[in-house]
Every structure is written in structure tokens, then in C-alpha cells.
Amino acid sequence: MRRLSLRSRLVLSHVFVMLVVQGTVLLAVQLMSGPNRKHFDADVAIEIGVLTGVVFAVIAGILLSRLLLRPLDAVRTATRRLARGHYGDVLPTPHEPDLAALVHDVNTLAAALADTERRRARLVSEIAHEMKTPITILRGQIEGLTDGIFTPDEATFASLTDDLARLERLAGDLSSLSVTEEGALVLHRRHADVAALARAVADRLRPQYHDQGVTLAVDAPAPLVADCDPDRVTQVLVNLLGNALGACDPGCRVRIRVGAAAVPTPHVLIQVADDGIGIAADDLERIFSRFERVNRPGRPAPAGGSGIGLTIARGIAHAHGGAITVASPGPGKGAVFTVELPFRVS
């Protein structure tokens, strides 16, 4: 049998209270208009009947309100516990359809907050681990230099510089993530040739590709000017090409292409395609979630990855009024990341 909605139950409760008042008044009038009629004036009988009806109506209203508002009180208690960080509480689904939808939304919110808290805690742990390694190395090298164990030569200082750069990258990622999440990303827009930016980033990362035996091809011959922040666009390109390199084994190929498209509006199109490990259908959207890293069984996790690079990249694209998407035929079949930026002709 289908349950009545909360709205219908409230209407019926009001009708019930009204009937209680009317019934009580009629009953009082009839009682007082019998053998004891001579002792009561008609107006007094009506007043006593109304007063008695109001008393019974108040009692009925209190009982009905408690019955109807009990599920809402449970939802209010649950939201207060959510505010205090108790994300594991699950509310039982009430029978009323309207309240059931509300409880479902609250439970969904609790699950989302619990997942965010889990990933945040994991990020803190991973960032602490990532920072601990270079800090320990730096401390050992500095103590070695102080004690005369290490020679202060070019190789030693290059190692120190690498560890400092690693710490700087982690701090920069966390700062960028915070600004992106708060919607406070400041863009220094100007007309910039995206094709030239792509070629410059490819040239910068090409030695890393060469060291890992991965081919990097660039298809960006013609100038394509976009109204963008070139430093932020460079950050997106570095992130995408770095991810593509991490997804490839020796002998694989990565291709970056810059072109133009007119649908639905004119925009610059940047595509980074690889034939690496690919992405499962269930992970296509999840990889853009903050603190999330998609690891493959039997394959080591990306070195130094914090799981926030793609979140930052999507935030930068959105701040430009563009978008970033990913497509993959499946695991082992590569992936294609596509960035769209508003197009301007210089």
C-alpha cells in the first residue's frame, strides 16, 4: 500500500484537529441542552464547548506534531553530528516518500564527506611521506658537508637542488590546490600562442621522455592565439605530459596536438594522447577528484605523485571558461586528454 506524503499527512492532521474541535463543541452543547439546560445559558454552553474543544485540539495537535516531526528531528540530529565530523552515521529510511528523499540526500552527503575526509587523511599521510624523504636526505647531506664527509662539489650541490625542487613542487601543488578549490585562482590573461607553449613544454620534458625510452611527438605547426594565462596553461601542459609519461612503458608513444575547433563556439583544442596503460571506464571521472590516484595492479605508484595535479588542471581550465576531459578505450589501450580554451584572434 502506498504511503501518504508528508504534505497529505499534515493536511489530514489539520482536518482531524478541526473535527475534534467541532465534535467537542457539539457534544458539549448537546449535554448542556438536556436535563441541565435550565442551569446553563446557551452562550455559556457554547463557550464551555469551545474551550473544551480547544483543549482537546491542543492535546491532539501536540501528539500529531510529535508523530509527524519525529523523522525530521532525526534528520536534524544527524546533520548536527555531520557538522561535528561523525560521517559514519546512516539514517534509517522513513516510510514517508518526501522524508525518505530527504534522508537519502543526507546519507549521500555523509558518504561524500566521509570519502573526502578519507582521501584528505591519505593525502596528508602521503605528503608527509613525500616530504620526509627529501628532508632526511637534505639533512644527511648538510651534516656530511659540515663534517667533511661529502665534498662540496657540483654533483653534491646538484643533488641538494633536486631535493629542494621536489619540496618546492609539493608546496606549490598544495598552494595551487587550495586556491583552485576556493575559486580564488587569479589569471593574468593575455593573447598567447598556445602552439608555441606546447612546443616549449615538449622541449623541456623531452629529456625525461628520452631517459625512459618514450617517444614524444608534437603536432602544433600553426600559431593559435588564445586569451589565457600562459603560465597556467603551461602548468596544465606539464601536468598532462607528465601523467602521460608516467602511464607509458619504454617503447610507447605520446603525441600532443594543438588545433582549433568551431563547435559549439570557437576554441583552441589541446590533445595529449598516449598508448600507455589506459584508464578503466569507472575511473574516467574519478581521476579528476582531489587526492585521488589510480594505481594499476602489478604496477608501482607514480613516483612523487600527490593525486592533485589533474584537479588543479581542471580548475585552471574552468577558470579560463574552458574544460578538460579524458577518454580511453580501456586498460592497456591508452588515453586521450582534451583541453578546450576560448579562442581569440590577435
# chains A, B, ... in the order shown; residues from 1 in each chain; ligands from 1
call {"tool": "residues_around", "arguments": {"residues": "Leu167 (chain A)", "least_positions_apart": "5", "cutoff": "9 Å", "atoms": "only C-alpha atoms", "output": "ChimeraX atom specification"}}
result
/A:130-131,134-135,162,172
call {"tool": "write_last_selection", "arguments": {"atoms": "N, CA and C atoms", "output": "PDB file, in the first residue's frame"}}
result
ATOM      1  N   GLU A 130      56.220  12.027   1.414  1.00  0.00           N
ATOM      2  CA  GLU A 130      56.985  12.609   0.310  1.00  0.00           C
ATOM      3  C   GLU A 130      57.964  13.670   0.809  1.00  0.00           C
ATOM      4  N   MET A 131      57.547  14.445   1.809  1.00  0.00           N
ATOM      5  CA  MET A 131      58.420  15.499   2.329  1.00  0.00           C
ATOM      6  C   MET A 131      59.516  14.922   3.225  1.00  0.00           C
ATOM      7  N   PRO A 134      62.981  13.733   1.065  1.00  0.00           N
ATOM      8  CA  PRO A 134      63.983  14.747   0.705  1.00  0.00           C
ATOM      9  C   PRO A 134      64.538  15.508   1.901  1.00  0.00           C
ATOM     10  N   ILE A 135      63.704  15.707   2.949  1.00  0.00           N
ATOM     11  CA  ILE A 135      64.208  16.403   4.137  1.00  0.00           C
ATOM     12  C   ILE A 135      65.286  15.573   4.825  1.00  0.00           C
ATOM     13  N   ASP A 162      68.038  19.236  -6.400  1.00  0.00           N
ATOM     14  CA  ASP A 162      66.944  18.335  -6.800  1.00  0.00           C
ATOM     15  C   ASP A 162      65.982  18.095  -5.640  1.00  0.00           C
ATOM     16  N   GLY A 172      54.083  23.909  -3.903  1.00  0.00           N
ATOM     17  CA  GLY A 172      53.356  24.595  -4.966  1.00  0.00           C
ATOM     18  C   GLY A 172      52.053  23.903  -5.329  1.00  0.00           C
TER      19      GLY A 172
END
call {"tool": "residues_around", "arguments": {"residues": "region 315-332 of chain A", "least_positions_apart": "5", "cutoff": "8 Å", "atoms": "only C-alpha atoms", "output": "ChimeraX atom specification"}}
result
/A:180-181,185,187,228,232-233,236,275-281,284,337-342
call {"tool": "write_last_selection", "arguments": {"atoms": "N, CA and C atoms", "output": "tab-separated table (two decimals), in the first residue's frame"}}
result
chain	number	residue	atom	x	y	z
A	180	THR	N	42.61	26.84	-6.10
A	180	THR	CA	41.63	26.33	-7.06
A	180	THR	C	40.34	25.93	-6.39
A	181	GLU	N	40.44	25.22	-5.25
A	181	GLU	CA	39.25	24.76	-4.54
A	181	GLU	C	38.43	25.93	-4.02
A	185	LEU	N	41.40	31.51	-7.95
A	185	LEU	CA	42.52	31.46	-8.89
A	185	LEU	C	42.60	32.76	-9.68
A	187	LEU	N	44.01	34.86	-12.71
A	187	LEU	CA	44.58	34.66	-14.04
A	187	LEU	C	45.13	35.97	-14.58
A	228	CYS	N	44.42	33.82	-22.58
A	228	CYS	CA	44.68	32.92	-21.45
A	228	CYS	C	45.85	33.43	-20.63
A	232	ARG	N	49.70	29.50	-16.46
A	232	ARG	CA	48.75	28.48	-16.01
A	232	ARG	C	48.54	27.41	-17.09
A	233	VAL	N	48.48	27.84	-18.34
A	233	VAL	CA	48.33	26.86	-19.43
A	233	VAL	C	49.57	25.97	-19.49
A	236	VAL	N	49.21	23.31	-16.92
A	236	VAL	CA	48.32	22.23	-17.37
A	236	VAL	C	49.06	21.29	-18.32
A	275	ASP	N	49.67	5.81	-25.73
A	275	ASP	CA	49.28	4.41	-25.91
A	275	ASP	C	49.76	3.57	-24.73
A	276	GLY	N	49.63	4.17	-23.54
A	276	GLY	CA	50.11	3.53	-22.31
A	276	GLY	C	49.08	2.62	-21.67
A	277	ILE	N	49.03	2.64	-20.33
A	277	ILE	CA	48.26	1.66	-19.57
A	277	ILE	C	46.76	1.88	-19.66
A	278	GLY	N	46.30	3.05	-20.13
A	278	GLY	CA	44.88	3.28	-20.29
A	278	GLY	C	44.16	3.51	-18.96
A	279	ILE	N	42.84	3.74	-19.07
A	279	ILE	CA	42.03	4.05	-17.88
A	279	ILE	C	40.72	3.27	-17.98
A	280	ALA	N	40.33	2.64	-16.90
A	280	ALA	CA	39.06	1.92	-16.87
A	280	ALA	C	37.91	2.92	-16.90
A	281	ALA	N	36.75	2.47	-17.39
A	281	ALA	CA	35.58	3.35	-17.54
A	281	ALA	C	35.17	3.94	-16.20
A	284	LEU	N	37.33	7.13	-15.22
A	284	LEU	CA	37.48	8.28	-16.12
A	284	LEU	C	37.16	9.60	-15.44
A	337	PHE	N	43.64	13.02	-23.32
A	337	PHE	CA	43.17	14.16	-22.55
A	337	PHE	C	42.96	15.33	-23.50
A	338	THR	N	41.82	16.01	-23.37
A	338	THR	CA	41.47	17.11	-24.25
A	338	THR	C	41.21	18.36	-23.43
A	339	VAL	N	41.89	19.44	-23.79
A	339	VAL	CA	41.71	20.74	-23.13
A	339	VAL	C	41.13	21.72	-24.14
A	340	GLU	N	40.09	22.45	-23.71
A	340	GLU	CA	39.48	23.48	-24.55
A	340	GLU	C	39.66	24.84	-23.90
A	341	LEU	N	40.13	25.82	-24.70
A	341	LEU	CA	40.33	27.17	-24.21
A	341	LEU	C	39.65	28.15	-25.16
A	342	PRO	N	39.06	29.24	-24.63
A	342	PRO	CA	38.42	30.24	-25.50
A	342	PRO	C	39.40	30.76	-26.54
call {"tool": "select_by_dssp", "arguments": {"residues": "region 177-209 of chain A", "states": "strand (DSSP E or B)", "output": "list in words"}}
result
Arg190, His191, Ala192 and Asp193 of chain A
call {"tool": "atom_distance", "arguments": {"atom1": "CA of Pro223 (chain A)", "atom2": "CA of His191 (chain A)"}}
result
11.4 Å
call {"tool": "residues_around", "arguments": {"residues": "Ala217 (chain A)", "least_positions_apart": "3", "cutoff": "9 Å", "atoms": "only C-alpha atoms", "output": "CSV table (one decimal) with N, CA and C atoms, in the first residue's frame"}}
result
chain,number,residue,atom,x,y,z
A,202,ALA,N,57.1,20.7,-24.5
A,202,ALA,CA,57.6,19.4,-25.0
A,202,ALA,C,59.1,19.4,-25.0
A,253,ARG,N,54.4,5.7,-27.1
A,253,ARG,CA,54.5,7.0,-27.8
A,253,ARG,C,53.4,7.9,-27.2
A,254,VAL,N,53.8,9.2,-27.1
A,254,VAL,CA,52.9,10.3,-26.6
A,254,VAL,C,52.9,11.3,-27.7
A,255,ARG,N,51.7,11.8,-28.0
A,255,ARG,CA,51.5,12.8,-29.0
A,255,ARG,C,50.7,14.0,-28.5
A,256,ILE,N,51.2,15.2,-28.6
A,256,ILE,CA,50.5,16.4,-28.2
A,256,ILE,C,50.1,17.2,-29.5
A,257,ARG,N,48.9,17.5,-29.6
A,257,ARG,CA,48.3,18.2,-30.8
A,257,ARG,C,47.6,19.4,-30.4
call {"tool": "atom_distance", "arguments": {"atom1": "CA of Leu177 (chain A)", "atom2": "CA of Arg314 (chain A)"}}
result
10.6 Å
call {"tool": "select_by_dssp", "arguments": {"residues": "region 62-168 of chain A", "states": "alpha helix (DSSP H)", "output": "PyMOL selection string"}}
result
chain A and resi 62-83+97-147+154-168
call {"tool": "closest_residue", "arguments": {"among": "A:Gly334, A:Val75, A:Leu164, A:Ala260", "to": "Ala247 (chain A)", "atoms": "only C-alpha atoms"}}
result
A:Gly334
call {"tool": "atom_distance", "arguments": {"atom1": "CA of Ser159 (chain A)", "atom2": "CA of Leu205 (chain A)"}}
result
19.2 Å
